[in-house]
Each structure stands twice: as C-alpha cells, then as structure tokens.
Amino acid sequence: MTTRATPRLRAVLANREFRALWFAETQSMLGDQLTIVALAILIFDRTGSPLLSAVVYSLTFLPALAGGLGLSQLADRFPRRAVLVTGSLAQAVLIGLMAVPGMPMGWLFVLFVFARLANAPCNAAQNALGREIFDDDDIYLQSQDLRGITNNTAMLAGLAVGGLLVTGIGTSWALGIDALTFLVAAVAVRVLVLRRPAAGNGGAPWFGAVRQVFGDERLRVLLYLSWLVGLAVIPEGLAAPLAAQLGAGDQAVGWLLAADPLGFVVGTFLLSRYVSTEHRRKLLGVLAALPLAALAAFVFRPSLAVALVLLALAGATGAYVITVSATFITWVPNAIRGSAGGLYRTGLRVAQGVGVGVGGLVAQWLGSADVTIALAGAVGLLLAVPVALSWRRVGGGAEPEPRLS
C-alpha cells in the first residue's frame, strides 16, 4: 500500500455513481436541518413547551436507536439501490404530509417518527454502496472524507441560517422543501446509480451480523474507538451553561456549538489532504486520544476564546472517526455491510446520547460545566489508553481484507 497522501477529491468526484449518492445525501441533509428547526418552532409556538420542542430534537436519534439494528438489515436482503430509492420516496411522502397546514401535533410526531425510521435502511444502503462503488482503499476513504466535510458543513449552515429561513418562508414551506429533497434524491439515485443484486442471504439470521462483528477482535476494537466519541460530545450538551459560566451572552451558545463541527471540517480536510490511508489507520489509537486531551485542558478554566479554540481542536482531531467507520465498513464482508453498518451507527449514537445525558447529570451535581468537560476528557484518556494499545496489537498494521466469511 502506498504511503503517500490519499488521492485528490477529483478522483472521487470523477465517479458518476458517487456524485449521485453524494448529491442526494447532501441536499437531503440540508432539507433535514429545515425540518428540525421548523418542527421545533411550530411545536413551541403551538404549545409554549420547551420540553416538547426538545422531544422533537431527541426524535432525530430514533433511526439509530430503534431502527439501526433491525431495519438496516434490509440493505443486505434487498438490492441496495432499491432500498435507497424506496426509503427516500417514503420520506418524501411522510415529510410532505407533515407540510400540510394545520396538521394535528400528534400526527406530526407520528409522521416524523416514521420518516426517521425510513432513514435507517437508507443510511445503511448508502454506506454499503459507497464501498461497493470504490474498491480502492485510498479513494474510498477520500469519499468518506468528502461526506464528512459536506455533512458537517450542512450542520453549520443549519445552525447559521435555519431559524432565519424557516421564519421567513414559514414552517409548511420548509417542510415541503425537505420533502422535495427526498424526491430529488430518489430520482438521482434511480437514474445514476447502477443496479446491483442483493448482497446478503435472505435466509441468514436476522441479527447474525452482530455475532459476526463481535466475533472479530479487530472489529470490536474499531467499535470501542468509535464509542470514545460519546465522551467527546459532552460539551455540546453543556453549551448553554458553559456560556453562562464564562460570562458570555446567549450568542456564545451558537459559537460553542459551531466550534466542534467547524474544527471537524478543517481536521478532515487536513487528514484527507496530507495523510495516507495506511498512516491514518496506524495512528488511530493516538488520534482517538487527542480530542479527549483537548477537553481535559478545560481543567485550567479557559476564557471564551480559549474554550472555542479547545473545542475546535477537539473537533479537528475527532475527524479520526471517519477513518474508523471507513475501516470498519471495509473489513466486514459485503454480505453484511448494511447490518454491520447499522450496528456501528447504533453504538455510536447510543454512546453520544448517553455521554450527553451523563454529562448533564454530572454538571448538575458539580455545578460547573468546565469541570465536567475536563472530567470527561480525563476519563476518556484513561479509557483510550487500553483501546489504543489493543488497536496497535490487532489492527494498526493489518491488511484490509476481512477475516469473516
């Protein structure tokens, strides 16, 4: 394997199938930002309840928690292009119904839940198709870098202009735009992505991939590396109390929330531009510890400016998780990539949700957001050491061919 930096993005964008998948995902994600903001505004305007507005945001985690393990297996049992097209059309219909003016609040919740569930097999099919399209490790990892950059940029755009845009055009129009993005995605994938037969065995055990993944030590360690992100995201749940503790205004909450994804975009670009796939894999253990080290530095009670720098550094070094997920998808057999990808995504989202929840409880108990963040970094470093050593032993220099049959 080459030790040079990975190919330039033009090698990725030269592929018509990837361009279709990338375009479909990016514009759908931008539409999703409008839906999340629109629902939060709509429900708060109708009820005046911050709790119900927060519930809407929590429902965005549902596909990973409730559908990640089960529905993702559809991406192995049926042709992946068909799964992606069908799921996108389902989301277009469900979000489109939500856009009907005067839709009762109960139905809004129900439709949103089903739309998020329909996203689970779509996400699994998209991830598995990406590896089928690119059989070269370097180009495949570069494609995942591009996805990471655009997805986080879409999140930043949502933070920056989502509220203003929804306020300007109205919630129904915002939901209608999101529905349209899923329709466009379905057409783009159907026309530009090649049809491939189902990768898996329809008679295989429904949760067989779980046993296979945990039976391979390399894949288990990759899961552990991804779960460390659960501690790294704790500052996101503490942005408001941290801003207050730093003596900053409410506008600082948005800055604190944006620092991590902005750093992630920069870190992903630098890794993609200058570090080869081989070296990135070898350095995974070290890279996984760096975001936690940045958080541990909060023990020095930083100012707002320094806190923003530390959070951006944590986001930049947290870009290692793209290499983790790409390596994981590469090392599982194609027949279970949808199911295994669902397992990976479920574990990652559960770790993030638990991390944010525990961080909030600890901050409430300690009465200090920055001490809580520093504690999360310190605990994370203690956990990262054995995981890094395990990775060095089983995966740091291993070949990408999967062991599983």
# chains A, B, ... in the order shown; residues from 1 in each chain; ligands from 1
>>> closest_atom_pairs(of="range 157-247 of chain A", to="range 24-42 of chain A", cutoff="9 Å", atoms="only C-alpha atoms", output="tab-separated table")
residue	atom	partner	partner_atom	distance
A:Ala157	CA	A:Leu30	CA	7.9
A:Gly158	CA	A:Gln33	CA	5.4
A:Leu159	CA	A:Gln33	CA	8.3
A:Gly162	CA	A:Leu34	CA	5.8
A:Gly163	CA	A:Val37	CA	6.2
A:Leu165	CA	A:Leu34	CA	8.0
A:Val166	CA	A:Ala38	CA	6.0
A:Thr167	CA	A:Ala38	CA	8.3
A:Gly170	CA	A:Ala38	CA	7.9
A:Thr171	CA	A:Ala38	CA	5.0
A:Ser172	CA	A:Ala38	CA	8.0
A:Ala174	CA	A:Leu34	CA	5.8
A:Leu175	CA	A:Thr35	CA	5.4
A:Gly176	CA	A:Thr35	CA	8.9
A:Ile177	CA	A:Gly31	CA	6.4
A:Asp178	CA	A:Gly31	CA	4.2
A:Ala179	CA	A:Gly31	CA	7.7
A:Leu180	CA	A:Gly31	CA	8.4
A:Thr181	CA	A:Ser28	CA	5.0
A:Phe182	CA	A:Ser28	CA	5.8
A:Val184	CA	A:Ala24	CA	7.1
A:Ala185	CA	A:Ala24	CA	4.3
A:Ala186	CA	A:Ala24	CA	7.6
A:Val187	CA	A:Ala24	CA	8.9
A:Ala188	CA	A:Ala24	CA	6.7
A:Val189	CA	A:Ala24	CA	7.3
>>> atom_distance(atom1="CA of Met98 in chain A", atom2="CA of Leu111 in chain A")
6.7 Å
>>> residues_around(residues="range 223-230 of chain A", least_positions_apart="2", cutoff="9 Å", atoms="only C-alpha atoms", output="PyMOL selection string")
chain A and resi 218-221+232-234+284-285+288-289+291-292+318+321+324-325+328+344+347-356+380+383-384+387-388+391
>>> write_last_selection(atoms="N, CA, C and O atoms", output="compact mmCIF listing (two decimals), in the first residue's frame")
# COMPACT_ATOMS: atom_id res chain seq x y z
N ARG A 218 -10.65 -7.34 15.77
CA ARG A 218 -10.34 -6.07 15.10
C ARG A 218 -11.58 -5.18 15.00
O ARG A 218 -11.52 -3.97 15.24
N LEU A 219 -12.71 -5.77 14.64
CA LEU A 219 -13.94 -5.00 14.51
C LEU A 219 -14.42 -4.52 15.87
O LEU A 219 -14.96 -3.41 16.00
N ARG A 220 -14.24 -5.35 16.90
CA ARG A 220 -14.62 -4.91 18.25
C ARG A 220 -13.83 -3.68 18.67
O ARG A 220 -14.38 -2.72 19.23
N VAL A 221 -12.53 -3.68 18.41
CA VAL A 221 -11.70 -2.54 18.81
C VAL A 221 -12.10 -1.29 18.02
O VAL A 221 -12.11 -0.18 18.57
N ALA A 232 -16.48 12.72 23.97
CA ALA A 232 -16.04 13.93 23.28
C ALA A 232 -17.19 14.87 22.95
O ALA A 232 -16.96 16.07 22.74
N VAL A 233 -18.44 14.37 22.90
CA VAL A 233 -19.57 15.23 22.55
C VAL A 233 -20.22 15.87 23.76
O VAL A 233 -21.16 16.66 23.61
N ILE A 234 -19.74 15.58 24.95
CA ILE A 234 -20.36 16.13 26.16
C ILE A 234 -20.45 17.65 26.14
O ILE A 234 -21.47 18.22 26.57
N LEU A 284 -4.64 5.57 14.55
CA LEU A 284 -5.98 5.70 15.10
C LEU A 284 -5.99 5.79 16.62
O LEU A 284 -6.74 6.58 17.21
N GLY A 285 -5.20 4.97 17.28
CA GLY A 285 -5.18 4.98 18.74
C GLY A 285 -4.77 6.33 19.30
O GLY A 285 -5.37 6.85 20.25
N ALA A 288 -7.44 9.08 18.49
CA ALA A 288 -8.65 8.98 19.31
C ALA A 288 -8.46 9.63 20.67
O ALA A 288 -9.44 10.06 21.30
N ALA A 289 -7.23 9.72 21.16
CA ALA A 289 -6.96 10.32 22.46
C ALA A 289 -6.88 11.84 22.40
O ALA A 289 -7.11 12.52 23.41
N PRO A 291 -8.78 14.36 20.96
CA PRO A 291 -9.94 15.17 21.33
C PRO A 291 -10.17 15.19 22.83
O PRO A 291 -10.56 16.22 23.40
N LEU A 292 -9.92 14.06 23.47
CA LEU A 292 -10.12 13.97 24.92
C LEU A 292 -9.08 14.78 25.67
O LEU A 292 -9.38 15.39 26.71
N GLY A 318 -11.10 14.96 16.26
CA GLY A 318 -12.17 13.98 16.23
C GLY A 318 -12.48 13.47 14.85
O GLY A 318 -13.26 12.51 14.68
N VAL A 321 -12.67 9.66 13.44
CA VAL A 321 -13.77 8.70 13.42
C VAL A 321 -14.17 8.33 11.99
O VAL A 321 -14.74 7.25 11.76
N VAL A 324 -12.13 5.41 11.23
CA VAL A 324 -12.66 4.26 11.97
C VAL A 324 -13.84 3.66 11.21
O VAL A 324 -13.89 2.44 10.98
N SER A 325 -14.81 4.48 10.84
CA SER A 325 -16.00 3.95 10.18
C SER A 325 -15.67 3.37 8.81
O SER A 325 -16.21 2.32 8.42
N PHE A 328 -13.98 0.04 9.31
CA PHE A 328 -14.98 -0.93 9.76
C PHE A 328 -15.78 -1.46 8.58
O PHE A 328 -15.94 -2.68 8.41
N TYR A 344 -22.84 -0.44 13.89
CA TYR A 344 -21.85 0.60 14.16
C TYR A 344 -22.54 1.93 14.47
O TYR A 344 -22.21 2.60 15.45
N GLY A 347 -24.35 1.93 17.89
CA GLY A 347 -23.43 2.07 19.01
C GLY A 347 -22.91 3.48 19.14
O GLY A 347 -22.79 4.02 20.26
N LEU A 348 -22.61 4.11 18.01
CA LEU A 348 -22.08 5.47 18.04
C LEU A 348 -23.12 6.45 18.58
O LEU A 348 -22.82 7.29 19.45
N ARG A 349 -24.37 6.34 18.10
CA ARG A 349 -25.39 7.27 18.55
C ARG A 349 -25.77 7.03 20.00
O ARG A 349 -26.06 7.98 20.75
N VAL A 350 -25.81 5.76 20.42
CA VAL A 350 -26.10 5.48 21.83
C VAL A 350 -25.00 6.07 22.72
O VAL A 350 -25.28 6.69 23.76
N ALA A 351 -23.74 5.90 22.30
CA ALA A 351 -22.63 6.46 23.08
C ALA A 351 -22.76 7.97 23.17
O ALA A 351 -22.53 8.57 24.24
N GLN A 352 -23.14 8.62 22.07
CA GLN A 352 -23.30 10.08 22.09
C GLN A 352 -24.45 10.49 23.00
O GLN A 352 -24.33 11.43 23.80
N GLY A 353 -25.58 9.79 22.88
CA GLY A 353 -26.73 10.14 23.71
C GLY A 353 -26.46 9.94 25.18
O GLY A 353 -26.80 10.78 26.02
N VAL A 354 -25.84 8.80 25.51
CA VAL A 354 -25.52 8.52 26.92
C VAL A 354 -24.50 9.53 27.44
O VAL A 354 -24.61 10.03 28.56
N GLY A 355 -23.51 9.84 26.60
CA GLY A 355 -22.48 10.80 27.01
C GLY A 355 -23.07 12.15 27.35
O GLY A 355 -22.76 12.75 28.39
N VAL A 356 -23.93 12.67 26.47
CA VAL A 356 -24.56 13.97 26.72
C VAL A 356 -25.42 13.92 27.98
O VAL A 356 -25.40 14.85 28.81
N GLY A 380 -11.97 9.93 29.56
CA GLY A 380 -11.79 9.43 28.20
C GLY A 380 -10.36 9.03 27.92
O GLY A 380 -10.11 8.01 27.25
N LEU A 383 -9.66 5.65 29.36
CA LEU A 383 -10.25 4.59 28.55
C LEU A 383 -9.54 4.43 27.21
O LEU A 383 -9.46 3.33 26.66
N ALA A 384 -9.03 5.54 26.68
CA ALA A 384 -8.40 5.50 25.36
C ALA A 384 -7.09 4.73 25.37
O ALA A 384 -6.72 4.13 24.34
N VAL A 387 -7.59 0.96 24.78
CA VAL A 387 -8.14 0.79 23.44
C VAL A 387 -7.05 1.02 22.39
O VAL A 387 -6.93 0.27 21.41
N ALA A 388 -6.23 2.07 22.60
CA ALA A 388 -5.14 2.35 21.67
C ALA A 388 -4.13 1.21 21.63
O ALA A 388 -3.62 0.84 20.56
N TRP A 391 -5.60 -1.59 19.67
CA TRP A 391 -5.56 -1.32 18.24
C TRP A 391 -4.16 -1.53 17.68
O TRP A 391 -4.00 -2.08 16.59
>>> residues_around(residues="Gly395 in chain A", least_positions_apart="3", cutoff="8 Å", atoms="only C-alpha atoms", output="ChimeraX atom specification")
/A:218,281-282,390-392,398
>>> write_last_selection(atoms="all heavy atoms", output="PDB file, in the first residue's frame")
ATOM      1  N   ARG A 218     -10.655  -7.337  15.767  1.00  0.00           N
ATOM      2  CA  ARG A 218     -10.345  -6.072  15.100  1.00  0.00           C
ATOM      3  C   ARG A 218     -11.576  -5.185  14.999  1.00  0.00           C
ATOM      4  O   ARG A 218     -11.516  -3.975  15.243  1.00  0.00           O
ATOM      5  CB  ARG A 218      -9.776  -6.328  13.708  1.00  0.00           C
ATOM      6  CG  ARG A 218      -8.492  -7.131  13.670  1.00  0.00           C
ATOM      7  CD  ARG A 218      -8.008  -7.291  12.245  1.00  0.00           C
ATOM      8  NE  ARG A 218      -9.074  -7.756  11.355  1.00  0.00           N
ATOM      9  CZ  ARG A 218      -8.988  -7.752  10.039  1.00  0.00           C
ATOM     10  NH1 ARG A 218      -7.902  -7.285   9.445  1.00  0.00           N
ATOM     11  NH2 ARG A 218      -9.973  -8.194   9.294  1.00  0.00           N
ATOM     12  N   ARG A 281      -4.645   4.744   9.570  1.00  0.00           N
ATOM     13  CA  ARG A 281      -5.023   3.542  10.314  1.00  0.00           C
ATOM     14  C   ARG A 281      -4.041   3.260  11.450  1.00  0.00           C
ATOM     15  O   ARG A 281      -4.441   2.914  12.562  1.00  0.00           O
ATOM     16  CB  ARG A 281      -5.092   2.344   9.372  1.00  0.00           C
ATOM     17  CG  ARG A 281      -6.351   2.292   8.535  1.00  0.00           C
ATOM     18  CD  ARG A 281      -6.409   1.020   7.725  1.00  0.00           C
ATOM     19  NE  ARG A 281      -7.627   0.984   6.914  1.00  0.00           N
ATOM     20  CZ  ARG A 281      -7.719   0.421   5.736  1.00  0.00           C
ATOM     21  NH1 ARG A 281      -6.648  -0.136   5.193  1.00  0.00           N
ATOM     22  NH2 ARG A 281      -8.847   0.408   5.073  1.00  0.00           N
ATOM     23  N   LYS A 282      -2.766   3.417  11.173  1.00  0.00           N
ATOM     24  CA  LYS A 282      -1.769   3.144  12.203  1.00  0.00           C
ATOM     25  C   LYS A 282      -1.903   4.106  13.384  1.00  0.00           C
ATOM     26  O   LYS A 282      -1.631   3.732  14.530  1.00  0.00           O
ATOM     27  CB  LYS A 282      -0.364   3.248  11.610  1.00  0.00           C
ATOM     28  CG  LYS A 282       0.022   2.089  10.709  1.00  0.00           C
ATOM     29  CD  LYS A 282       1.447   2.244  10.192  1.00  0.00           C
ATOM     30  CE  LYS A 282       1.861   1.044   9.339  1.00  0.00           C
ATOM     31  NZ  LYS A 282       3.240   1.189   8.813  1.00  0.00           N
ATOM     32  N   SER A 390      -4.753  -1.914  22.293  1.00  0.00           N
ATOM     33  CA  SER A 390      -5.400  -3.040  21.602  1.00  0.00           C
ATOM     34  C   SER A 390      -5.367  -2.833  20.096  1.00  0.00           C
ATOM     35  O   SER A 390      -5.118  -3.781  19.334  1.00  0.00           O
ATOM     36  CB  SER A 390      -6.851  -3.183  22.078  1.00  0.00           C
ATOM     37  OG  SER A 390      -6.915  -3.508  23.445  1.00  0.00           O
ATOM     38  N   TRP A 391      -5.603  -1.590  19.674  1.00  0.00           N
ATOM     39  CA  TRP A 391      -5.562  -1.320  18.239  1.00  0.00           C
ATOM     40  C   TRP A 391      -4.163  -1.530  17.678  1.00  0.00           C
ATOM     41  O   TRP A 391      -4.000  -2.082  16.586  1.00  0.00           O
ATOM     42  CB  TRP A 391      -6.039   0.093  17.948  1.00  0.00           C
ATOM     43  CG  TRP A 391      -5.917   0.442  16.497  1.00  0.00           C
ATOM     44  CD1 TRP A 391      -5.055   1.310  15.919  1.00  0.00           C
ATOM     45  CD2 TRP A 391      -6.669  -0.135  15.420  1.00  0.00           C
ATOM     46  NE1 TRP A 391      -5.216   1.330  14.554  1.00  0.00           N
ATOM     47  CE2 TRP A 391      -6.208   0.459  14.220  1.00  0.00           C
ATOM     48  CE3 TRP A 391      -7.695  -1.078  15.365  1.00  0.00           C
ATOM     49  CZ2 TRP A 391      -6.741   0.116  12.988  1.00  0.00           C
ATOM     50  CZ3 TRP A 391      -8.218  -1.412  14.121  1.00  0.00           C
ATOM     51  CH2 TRP A 391      -7.746  -0.813  12.951  1.00  0.00           C
ATOM     52  N   ARG A 392      -3.173  -1.100  18.416  1.00  0.00           N
ATOM     53  CA  ARG A 392      -1.797  -1.287  17.948  1.00  0.00           C
ATOM     54  C   ARG A 392      -1.484  -2.772  17.791  1.00  0.00           C
ATOM     55  O   ARG A 392      -0.765  -3.169  16.876  1.00  0.00           O
ATOM     56  CB  ARG A 392      -0.833  -0.644  18.936  1.00  0.00           C
ATOM     57  CG  ARG A 392       0.628  -0.755  18.518  1.00  0.00           C
ATOM     58  CD  ARG A 392       1.524  -0.055  19.521  1.00  0.00           C
ATOM     59  NE  ARG A 392       2.934  -0.153  19.132  1.00  0.00           N
ATOM     60  CZ  ARG A 392       3.942   0.328  19.837  1.00  0.00           C
ATOM     61  NH1 ARG A 392       3.694   0.968  20.983  1.00  0.00           N
ATOM     62  NH2 ARG A 392       5.181   0.198  19.414  1.00  0.00           N
ATOM     63  N   ALA A 398      -2.642  -4.093  10.075  1.00  0.00           N
ATOM     64  CA  ALA A 398      -3.312  -5.224   9.432  1.00  0.00           C
ATOM     65  C   ALA A 398      -3.740  -4.888   8.014  1.00  0.00           C
ATOM     66  O   ALA A 398      -3.960  -3.752   7.652  1.00  0.00           O
ATOM     67  CB  ALA A 398      -4.539  -5.637  10.247  1.00  0.00           C
TER      68      ALA A 398
END
>>> atom_distance(atom1="CA of Pro104 in chain A", atom2="CA of Ala118 in chain A")
21.2 Å
